file run28.pdb (PDB, C-alpha atoms, pLDDT in the B column)
ATOM      1  CA  MET A   1     -64.254  -6.605 -39.457  1.00 93.00           C
ATOM      2  CA  LEU A   2     -60.517  -6.334 -39.984  1.00 96.00           C
ATOM      3  CA  ARG A   3     -58.082  -4.159 -38.113  1.00 94.00           C
ATOM      4  CA  GLU A   4     -54.715  -2.804 -39.202  1.00 93.00           C
ATOM      5  CA  PRO A   5     -52.343  -5.666 -38.290  1.00 92.00           C
ATOM      6  CA  PHE A   6     -50.016  -3.796 -35.954  1.00 90.00           C
ATOM      7  CA  GLU A   7     -52.914  -2.140 -34.133  1.00 90.00           C
ATOM      8  CA  ARG A   8     -54.465  -5.594 -33.767  1.00 90.00           C
ATOM      9  CA  LEU A   9     -51.154  -6.837 -32.369  1.00 88.00           C
ATOM     10  CA  VAL A  10     -50.981  -4.147 -29.678  1.00 88.00           C
ATOM     11  CA  SER A  11     -54.655  -4.575 -28.793  1.00 87.00           C
ATOM     12  CA  GLY A  12     -54.351  -8.355 -28.526  1.00 87.00           C
ATOM     13  CA  TYR A  13     -51.219  -8.036 -26.400  1.00 86.00           C
ATOM     14  CA  ASP A  14     -53.012  -5.627 -24.077  1.00 82.00           C
ATOM     15  CA  ASP A  15     -55.917  -8.090 -23.914  1.00 82.00           C
ATOM     16  CA  HIS A  16     -53.906 -10.762 -22.118  1.00 81.00           C
ATOM     17  CA  TYR A  17     -52.129 -12.099 -25.214  1.00 82.00           C
ATOM     18  CA  HIS A  18     -55.299 -12.774 -27.204  1.00 79.00           C
ATOM     19  CA  ASP A  19     -54.843 -15.719 -29.622  1.00 77.00           C
ATOM     20  CA  CYS A  20     -51.609 -16.768 -27.905  1.00 81.00           C
ATOM     21  CA  GLY A  21     -52.374 -17.634 -24.290  1.00 77.00           C
ATOM     22  CA  LYS A  22     -49.904 -18.840 -21.695  1.00 83.00           C
ATOM     23  CA  ARG A  23     -46.966 -19.313 -24.059  1.00 85.00           C
ATOM     24  CA  CYS A  24     -46.861 -15.512 -24.476  1.00 86.00           C
ATOM     25  CA  HIS A  25     -47.280 -14.625 -20.801  1.00 85.00           C
ATOM     26  CA  GLY A  26     -44.436 -12.384 -19.704  1.00 83.00           C
ATOM     27  CA  GLN A  27     -42.999 -12.087 -23.205  1.00 87.00           C
ATOM     28  CA  ASP A  28     -42.497  -8.844 -25.093  1.00 86.00           C
ATOM     29  CA  LEU A  29     -44.640  -7.429 -27.875  1.00 87.00           C
ATOM     30  CA  LEU A  30     -42.413  -8.684 -30.682  1.00 88.00           C
ATOM     31  CA  TYR A  31     -42.433 -12.251 -29.346  1.00 89.00           C
ATOM     32  CA  TYR A  32     -46.226 -12.066 -29.240  1.00 89.00           C
ATOM     33  CA  GLY A  33     -46.198 -10.740 -32.813  1.00 88.00           C
ATOM     34  CA  LYS A  34     -44.164 -13.727 -33.996  1.00 86.00           C
ATOM     35  CA  GLN A  35     -46.695 -16.050 -32.418  1.00 87.00           C
ATOM     36  CA  ILE A  36     -49.734 -14.494 -34.073  1.00 86.00           C
ATOM     37  CA  GLN A  37     -48.308 -13.534 -37.468  1.00 86.00           C
ATOM     38  CA  GLY A  38     -50.523 -14.878 -40.209  1.00 86.00           C
ATOM     39  CA  ILE A  39     -53.634 -14.661 -38.038  1.00 88.00           C
ATOM     40  CA  TYR A  40     -55.733 -13.364 -40.943  1.00 91.00           C
ATOM     41  CA  LEU A  41     -54.631 -16.373 -43.003  1.00 87.00           C
ATOM     42  CA  LYS A  42     -55.760 -18.610 -40.156  1.00 86.00           C
ATOM     43  CA  PHE A  43     -59.110 -16.830 -39.920  1.00 90.00           C
ATOM     44  CA  LEU A  44     -59.782 -17.090 -43.634  1.00 92.00           C
ATOM     45  CA  LEU A  45     -58.274 -20.478 -44.452  1.00 88.00           C
ATOM     46  CA  GLY A  46     -58.698 -22.405 -41.215  1.00 83.00           C
ATOM     47  CA  SER A  47     -56.123 -23.870 -38.893  1.00 71.00           C
ATOM     48  CA  ALA A  48     -55.526 -26.905 -41.134  1.00 62.00           C
ATOM     49  CA  LYS A  49     -53.530 -24.623 -43.440  1.00 61.00           C
ATOM     50  CA  MET A  50     -51.317 -23.351 -40.611  1.00 59.00           C
ATOM     51  CA  ARG A  51     -48.442 -25.795 -41.233  1.00 59.00           C
ATOM     52  CA  GLU A  52     -48.459 -24.901 -44.923  1.00 58.00           C
ATOM     53  CA  MET A  53     -48.685 -21.218 -44.041  1.00 59.00           C
ATOM     54  CA  HIS A  54     -45.337 -21.136 -42.246  1.00 61.00           C
ATOM     55  CA  TYR A  55     -43.603 -22.211 -45.429  1.00 62.00           C
ATOM     56  CA  ASN A  56     -45.765 -20.509 -48.075  1.00 76.00           C
ATOM     57  CA  ALA A  57     -47.587 -17.611 -46.439  1.00 79.00           C
ATOM     58  CA  SER A  58     -47.227 -15.335 -49.457  1.00 82.00           C
ATOM     59  CA  LYS A  59     -48.558 -18.074 -51.758  1.00 85.00           C
ATOM     60  CA  LEU A  60     -51.668 -18.466 -49.593  1.00 87.00           C
ATOM     61  CA  VAL A  61     -52.612 -14.761 -49.649  1.00 91.00           C
ATOM     62  CA  PRO A  62     -54.490 -14.945 -52.998  1.00 94.00           C
ATOM     63  CA  LEU A  63     -56.604 -17.841 -51.693  1.00 92.00           C
ATOM     64  CA  ALA A  64     -57.355 -15.929 -48.479  1.00 93.00           C
ATOM     65  CA  VAL A  65     -58.290 -12.806 -50.449  1.00 96.00           C
ATOM     66  CA  SER A  66     -60.583 -14.829 -52.725  1.00 97.00           C
ATOM     67  CA  ARG A  67     -62.363 -16.148 -49.628  1.00 95.00           C
ATOM     68  CA  LEU A  68     -62.628 -12.642 -48.240  1.00 96.00           C
ATOM     69  CA  GLU A  69     -64.216 -11.473 -51.489  1.00 96.00           C
ATOM     70  CA  GLN A  70     -66.978 -14.058 -50.988  1.00 97.00           C
ATOM     71  CA  PHE A  71     -68.093 -12.360 -47.760  1.00 95.00           C
ATOM     72  CA  THR A  72     -71.208 -10.250 -48.146  1.00 92.00           C
ATOM     73  CA  PHE A  73     -69.827  -7.675 -45.732  1.00 95.00           C
ATOM     74  CA  VAL A  74     -66.247  -6.684 -44.996  1.00 96.00           C
ATOM     75  CA  GLY A  75     -65.698  -3.897 -42.495  1.00 96.00           C
ATOM     76  CA  ILE A  76     -62.571  -2.018 -41.455  1.00 96.00           C
ATOM     77  CA  LEU A  77     -62.165  -1.121 -37.797  1.00 94.00           C
ATOM     78  CA  GLU A  78     -60.356   2.132 -38.605  1.00 93.00           C
ATOM     79  CA  GLU A  79     -63.425   3.090 -40.657  1.00 94.00           C
ATOM     80  CA  TRP A  80     -65.900   2.064 -37.959  1.00 91.00           C
ATOM     81  CA  ASP A  81     -68.621   4.621 -38.715  1.00 90.00           C
ATOM     82  CA  LEU A  82     -68.600   3.882 -42.443  1.00 91.00           C
ATOM     83  CA  SER A  83     -68.469   0.138 -41.742  1.00 92.00           C
ATOM     84  CA  VAL A  84     -71.561   0.367 -39.538  1.00 89.00           C
ATOM     85  CA  CYS A  85     -73.401   2.377 -42.184  1.00 87.00           C
ATOM     86  CA  LEU A  86     -72.390  -0.031 -44.954  1.00 89.00           C
ATOM     87  CA  CYS A  87     -73.534  -2.992 -42.870  1.00 88.00           C
ATOM     88  CA  HIS A  88     -76.913  -1.348 -42.331  1.00 85.00           C
ATOM     89  CA  ALA A  89     -77.195  -0.476 -45.998  1.00 84.00           C
ATOM     90  CA  LEU A  90     -76.372  -4.022 -47.105  1.00 85.00           C
ATOM     91  CA  PHE A  91     -78.570  -5.835 -44.608  1.00 84.00           C
ATOM     92  CA  GLY A  92     -81.327  -3.253 -44.092  1.00 76.00           C
ATOM     93  CA  TYR A  93     -81.310  -3.187 -40.304  1.00 68.00           C
ATOM     94  CA  ARG A  94     -83.768  -0.623 -38.926  1.00 60.00           C
ATOM     95  CA  ARG A  95     -84.527   0.678 -42.377  1.00 61.00           C
ATOM     96  CA  GLY A  96     -80.798   1.195 -42.923  1.00 58.00           C
ATOM     97  CA  MET A  97     -80.416   3.702 -40.101  1.00 69.00           C
ATOM     98  CA  PRO A  98     -77.816   2.977 -37.437  1.00 72.00           C
ATOM     99  CA  ILE A  99     -78.482   3.837 -33.803  1.00 74.00           C
ATOM    100  CA  ASN A 100     -76.256   6.117 -31.730  1.00 73.00           C
ATOM    101  CA  ALA A 101     -75.015   3.255 -29.542  1.00 73.00           C
ATOM    102  CA  GLU A 102     -73.263   1.756 -32.566  1.00 78.00           C
ATOM    103  CA  PHE A 103     -70.965   4.764 -32.687  1.00 75.00           C
ATOM    104  CA  THR A 104     -70.065   4.650 -28.992  1.00 74.00           C
ATOM    105  CA  ALA A 105     -66.834   3.015 -27.827  1.00 66.00           C
ATOM    106  CA  ILE A 106     -68.218   0.367 -25.485  1.00 61.00           C
ATOM    107  CA  ARG A 107     -64.980  -1.598 -25.116  1.00 61.00           C
ATOM    108  CA  SER A 108     -62.269   1.040 -25.208  1.00 57.00           C
ATOM    109  CA  SER A 109     -59.162  -0.215 -23.488  1.00 53.00           C
ATOM    110  CA  SER A 110     -58.026   1.394 -20.290  1.00 48.00           C
ATOM    111  CA  LYS A 111     -55.187  -1.132 -20.281  1.00 49.00           C
ATOM    112  CA  HIS A 112     -53.570   0.376 -23.382  1.00 45.00           C
ATOM    113  CA  ASN A 113     -51.532   2.748 -21.223  1.00 42.00           C
ATOM    114  CA  ALA A 114     -50.617  -0.076 -18.852  1.00 44.00           C
ATOM    115  CA  ILE A 115     -49.141  -2.475 -21.413  1.00 45.00           C
ATOM    116  CA  THR A 116     -46.657  -4.771 -19.767  1.00 46.00           C
ATOM    117  CA  ILE A 117     -43.636  -4.593 -22.051  1.00 42.00           C
ATOM    118  CA  GLN A 118     -41.625  -4.458 -18.827  1.00 44.00           C
ATOM    119  CA  VAL A 119     -41.115  -0.734 -19.062  1.00 42.00           C
ATOM    120  CA  ARG A 120     -42.127   1.937 -16.617  1.00 46.00           C
ATOM    121  CA  SER A 121     -42.436   5.228 -18.433  1.00 57.00           C
ATOM    122  CA  LYS A 122     -44.680   6.122 -21.357  1.00 67.00           C
ATOM    123  CA  GLN A 123     -41.659   7.148 -23.440  1.00 66.00           C
ATOM    124  CA  LEU A 124     -39.935   3.799 -22.969  1.00 69.00           C
ATOM    125  CA  ARG A 125     -43.230   2.063 -23.786  1.00 72.00           C
ATOM    126  CA  GLN A 126     -43.587   4.123 -26.964  1.00 79.00           C
ATOM    127  CA  ASP A 127     -39.989   3.328 -27.957  1.00 79.00           C
ATOM    128  CA  ALA A 128     -40.650  -0.387 -27.429  1.00 77.00           C
ATOM    129  CA  ILE A 129     -43.815  -0.175 -29.535  1.00 83.00           C
ATOM    130  CA  GLU A 130     -41.947   1.613 -32.347  1.00 84.00           C
ATOM    131  CA  ARG A 131     -39.157  -1.003 -32.327  1.00 82.00           C
ATOM    132  CA  ALA A 132     -41.776  -3.754 -32.479  1.00 84.00           C
ATOM    133  CA  ARG A 133     -43.637  -1.907 -35.263  1.00 83.00           C
ATOM    134  CA  LYS A 134     -40.539  -1.787 -37.485  1.00 81.00           C
ATOM    135  CA  ASN A 135     -39.855  -5.493 -37.034  1.00 82.00           C
ATOM    136  CA  TYR A 136     -43.488  -6.610 -37.162  1.00 81.00           C
ATOM    137  CA  HIS A 137     -44.208  -4.989 -40.523  1.00 75.00           C
ATOM    138  CA  SER A 138     -41.480  -7.045 -42.195  1.00 77.00           C
ATOM    139  CA  MET A 139     -42.639 -10.151 -40.342  1.00 77.00           C
ATOM    140  CA  ALA A 140     -46.394  -9.971 -40.960  1.00 84.00           C
ATOM    141  CA  LEU A 141     -46.446  -9.342 -44.699  1.00 88.00           C
ATOM    142  CA  ALA A 142     -49.295 -11.793 -45.342  1.00 89.00           C
ATOM    143  CA  ASP A 143     -51.509 -10.074 -42.761  1.00 91.00           C
ATOM    144  CA  ARG A 144     -50.622  -6.686 -44.246  1.00 93.00           C
ATOM    145  CA  ASP A 145     -51.481  -7.894 -47.789  1.00 95.00           C
ATOM    146  CA  ILE A 146     -54.816  -9.333 -46.640  1.00 95.00           C
ATOM    147  CA  TYR A 147     -55.665  -6.165 -44.722  1.00 96.00           C
ATOM    148  CA  ASN A 148     -54.827  -4.011 -47.749  1.00 96.00           C
ATOM    149  CA  ALA A 149     -57.017  -6.209 -49.966  1.00 97.00           C
ATOM    150  CA  ALA A 150     -59.833  -5.971 -47.405  1.00 97.00           C
ATOM    151  CA  PHE A 151     -59.488  -2.194 -47.304  1.00 97.00           C
ATOM    152  CA  GLN A 152     -59.723  -2.009 -51.109  1.00 97.00           C
ATOM    153  CA  LEU A 153     -62.718  -4.365 -51.108  1.00 97.00           C
ATOM    154  CA  PHE A 154     -64.397  -2.257 -48.414  1.00 97.00           C
ATOM    155  CA  ASN A 155     -63.895   0.920 -50.471  1.00 96.00           C
ATOM    156  CA  ARG A 156     -65.164  -0.735 -53.664  1.00 95.00           C
ATOM    157  CA  ARG A 157     -68.310  -1.926 -51.902  1.00 93.00           C
ATOM    158  CA  LEU A 158     -68.812   1.433 -50.275  1.00 92.00           C
ATOM    159  CA  ASN A 159     -68.578   3.097 -53.690  1.00 92.00           C
ATOM    160  CA  GLN A 160     -70.888   0.499 -55.271  1.00 89.00           C
ATOM    161  CA  TYR A 161     -73.519   1.098 -52.624  1.00 82.00           C
ATOM    162  CA  HIS A 162     -73.127   4.870 -52.861  1.00 76.00           C
ATOM    163  CA  ASN A 163     -73.551   4.748 -56.654  1.00 71.00           C
ATOM    164  CA  ARG A 164     -76.759   2.668 -56.292  1.00 69.00           C
ATOM    165  CA  SER A 165     -78.472   5.123 -53.966  1.00 57.00           C
TER     166      SER A 165
END

call {"tool": "encode", "arguments": {"input": "run28.pdb", "output": "structure tokens"}}
result
Amino acid sequence: MLREPFERLVSGYDDHYHDCGKRCHGQDLLYYGKQIQGIYLKFLLGSAKMREMHYNASKLVPLAVSRLEQFTFVGILEEWDLSVCLCHALFGYRRGMPINAEFTAIRSSSKHNAITIQVRSKQLRQDAIERARKNYHSMALADRDIYNAAFQLFNRRLNQYHNRS
């Protein structure tokens, strides 16, 4: 299940600097983003490729996408309901029928409004997020390319399944 890279960034930051740990404690959102850029490459290629990634991230994207295409199921968080249904259709859980609990937000973040970008008001927080968004998109191009490929793969598989039934 992949998530839009910037949304993943904000969520991970709110979740105590997920995938970064103590070196990100007390840092701002953009610093955290620099530390986790290329996280989808790491997931798909393994940490042994990390040194190579910093020099050739764009050259590693096709390899990461080819690995992603080997997965039986690829879901997209922003398309949660369809992802759940596709998963059921592919693997035949409960005769393909999802249960209501799968469509319930069981881990929604109450911390999202309390993000610690060292700002007090919601407007300042939103401004800080927008500044980070502009910079992060140019920084995390490999993650963006992998996410876009995953989204296309998800839609192709959704259409393939729909055309079979």

call {"tool": "residues_around", "arguments": {"input": "run28.pdb", "residues": "A:Cys85", "least_positions_apart": "4", "cutoff": "12 Å", "atoms": "all atoms listed in the file", "output": "ChimeraX atom specification"}}
result
/A:73-76,79-81,89-100,102-103,154,157-158,161-162

call {"tool": "resolve_selection", "arguments": {"input": "run28.pdb", "expression": "the PyMOL selection byres ((chain A and resi 131-144) around 6)", "output": "JSON, numbers by chain"}}
result
{"A": [30, 37, 38, 40, 58, 128, 129, 130, 145, 146, 147]}

call {"tool": "atom_distance", "arguments": {"input": "run28.pdb", "atom1": "atom CA of A:Leu44", "atom2": "atom CA of A:Ala64"}}
result
5.5 Å

call {"tool": "residues_around", "arguments": {"input": "run28.pdb", "residues": "A:Lys22", "least_positions_apart": "5", "cutoff": "12 Å", "atoms": "only C-alpha atoms", "output": "PyMOL selection string"}}
result
chain A and resi 13+16-17+27+32+35

call {"tool": "closest_residue", "arguments": {"input": "run28.pdb", "among": "A:Val84, A:Ile39, A:Met1, A:Asp28", "to": "A:Asp14", "atoms": "all atoms listed in the file"}}
result
A:Asp28

call {"tool": "atom_distance", "arguments": {"input": "run28.pdb", "atom1": "atom CA of A:Ser66", "atom2": "atom CA of A:Phe43"}}
result
13.0 Å

call {"tool": "resolve_selection", "arguments": {"input": "run28.pdb", "expression": "the PyMOL selection byres ((chain A and resi 10) around 9)", "output": "VMD selection string"}}
result
chain A and resid 5 to 9 11 to 15 29 33 112 115 129

call {"tool": "atom_distance", "arguments": {"input": "run28.pdb", "atom1": "atom CA of A:Asn159", "atom2": "atom CA of A:Ser83"}}
result
12.3 Å

call {"tool": "build_atoms", "arguments": {"input": "run28.pdb", "residues": "stretch 65-81 of chain A", "atoms": "N, CA, C and O atoms", "output": "compact mmCIF listing (two decimals), keeping the file's coordinate frame"}}
result
# COMPACT_ATOMS: atom_id res chain seq x y z
N VAL A 65 -57.59 -13.97 -49.90
CA VAL A 65 -58.29 -12.81 -50.45
C VAL A 65 -59.52 -13.25 -51.23
O VAL A 65 -60.58 -12.63 -51.14
N SER A 66 -59.41 -14.34 -51.98
CA SER A 66 -60.58 -14.83 -52.72
C SER A 66 -61.70 -15.25 -51.78
O SER A 66 -62.87 -15.05 -52.07
N ARG A 67 -61.34 -15.81 -50.63
CA ARG A 67 -62.36 -16.15 -49.63
C ARG A 67 -62.97 -14.89 -49.04
O ARG A 67 -64.18 -14.82 -48.83
N LEU A 68 -62.15 -13.91 -48.78
CA LEU A 68 -62.63 -12.64 -48.24
C LEU A 68 -63.61 -11.98 -49.20
O LEU A 68 -64.64 -11.44 -48.78
N GLU A 69 -63.34 -12.08 -50.48
CA GLU A 69 -64.22 -11.47 -51.49
C GLU A 69 -65.58 -12.15 -51.55
O GLU A 69 -66.53 -11.58 -52.06
N GLN A 70 -65.69 -13.35 -51.01
CA GLN A 70 -66.98 -14.06 -50.99
C GLN A 70 -67.87 -13.59 -49.83
O GLN A 70 -69.06 -13.90 -49.81
N PHE A 71 -67.30 -12.87 -48.88
CA PHE A 71 -68.09 -12.36 -47.76
C PHE A 71 -69.04 -11.28 -48.27
O PHE A 71 -68.65 -10.43 -49.08
N THR A 72 -70.25 -11.28 -47.78
CA THR A 72 -71.21 -10.25 -48.15
C THR A 72 -70.78 -8.90 -47.59
O THR A 72 -70.91 -7.87 -48.24
N PHE A 73 -70.24 -8.92 -46.39
CA PHE A 73 -69.83 -7.68 -45.73
C PHE A 73 -68.39 -7.81 -45.25
O PHE A 73 -68.02 -8.81 -44.65
N VAL A 74 -67.60 -6.80 -45.53
CA VAL A 74 -66.25 -6.68 -45.00
C VAL A 74 -66.14 -5.28 -44.43
O VAL A 74 -66.33 -4.30 -45.15
N GLY A 75 -65.86 -5.19 -43.14
CA GLY A 75 -65.70 -3.90 -42.50
C GLY A 75 -64.25 -3.67 -42.10
O GLY A 75 -63.47 -4.60 -42.00
N ILE A 76 -63.92 -2.42 -41.86
CA ILE A 76 -62.57 -2.02 -41.46
C ILE A 76 -62.71 -1.25 -40.14
O ILE A 76 -63.43 -0.26 -40.07
N LEU A 77 -62.03 -1.73 -39.11
CA LEU A 77 -62.16 -1.12 -37.80
C LEU A 77 -61.81 0.36 -37.81
O LEU A 77 -62.50 1.17 -37.18
N GLU A 78 -60.76 0.73 -38.55
CA GLU A 78 -60.36 2.13 -38.60
C GLU A 78 -61.38 3.00 -39.32
O GLU A 78 -61.32 4.23 -39.25
N GLU A 79 -62.32 2.38 -39.99
CA GLU A 79 -63.42 3.09 -40.66
C GLU A 79 -64.74 2.63 -40.03
O GLU A 79 -65.69 2.28 -40.71
N TRP A 80 -64.77 2.63 -38.70
CA TRP A 80 -65.90 2.06 -37.96
C TRP A 80 -67.24 2.66 -38.39
O TRP A 80 -68.18 1.93 -38.70
N ASP A 81 -67.34 3.98 -38.40
CA ASP A 81 -68.62 4.62 -38.72
C ASP A 81 -69.11 4.22 -40.11
O ASP A 81 -70.28 3.86 -40.30
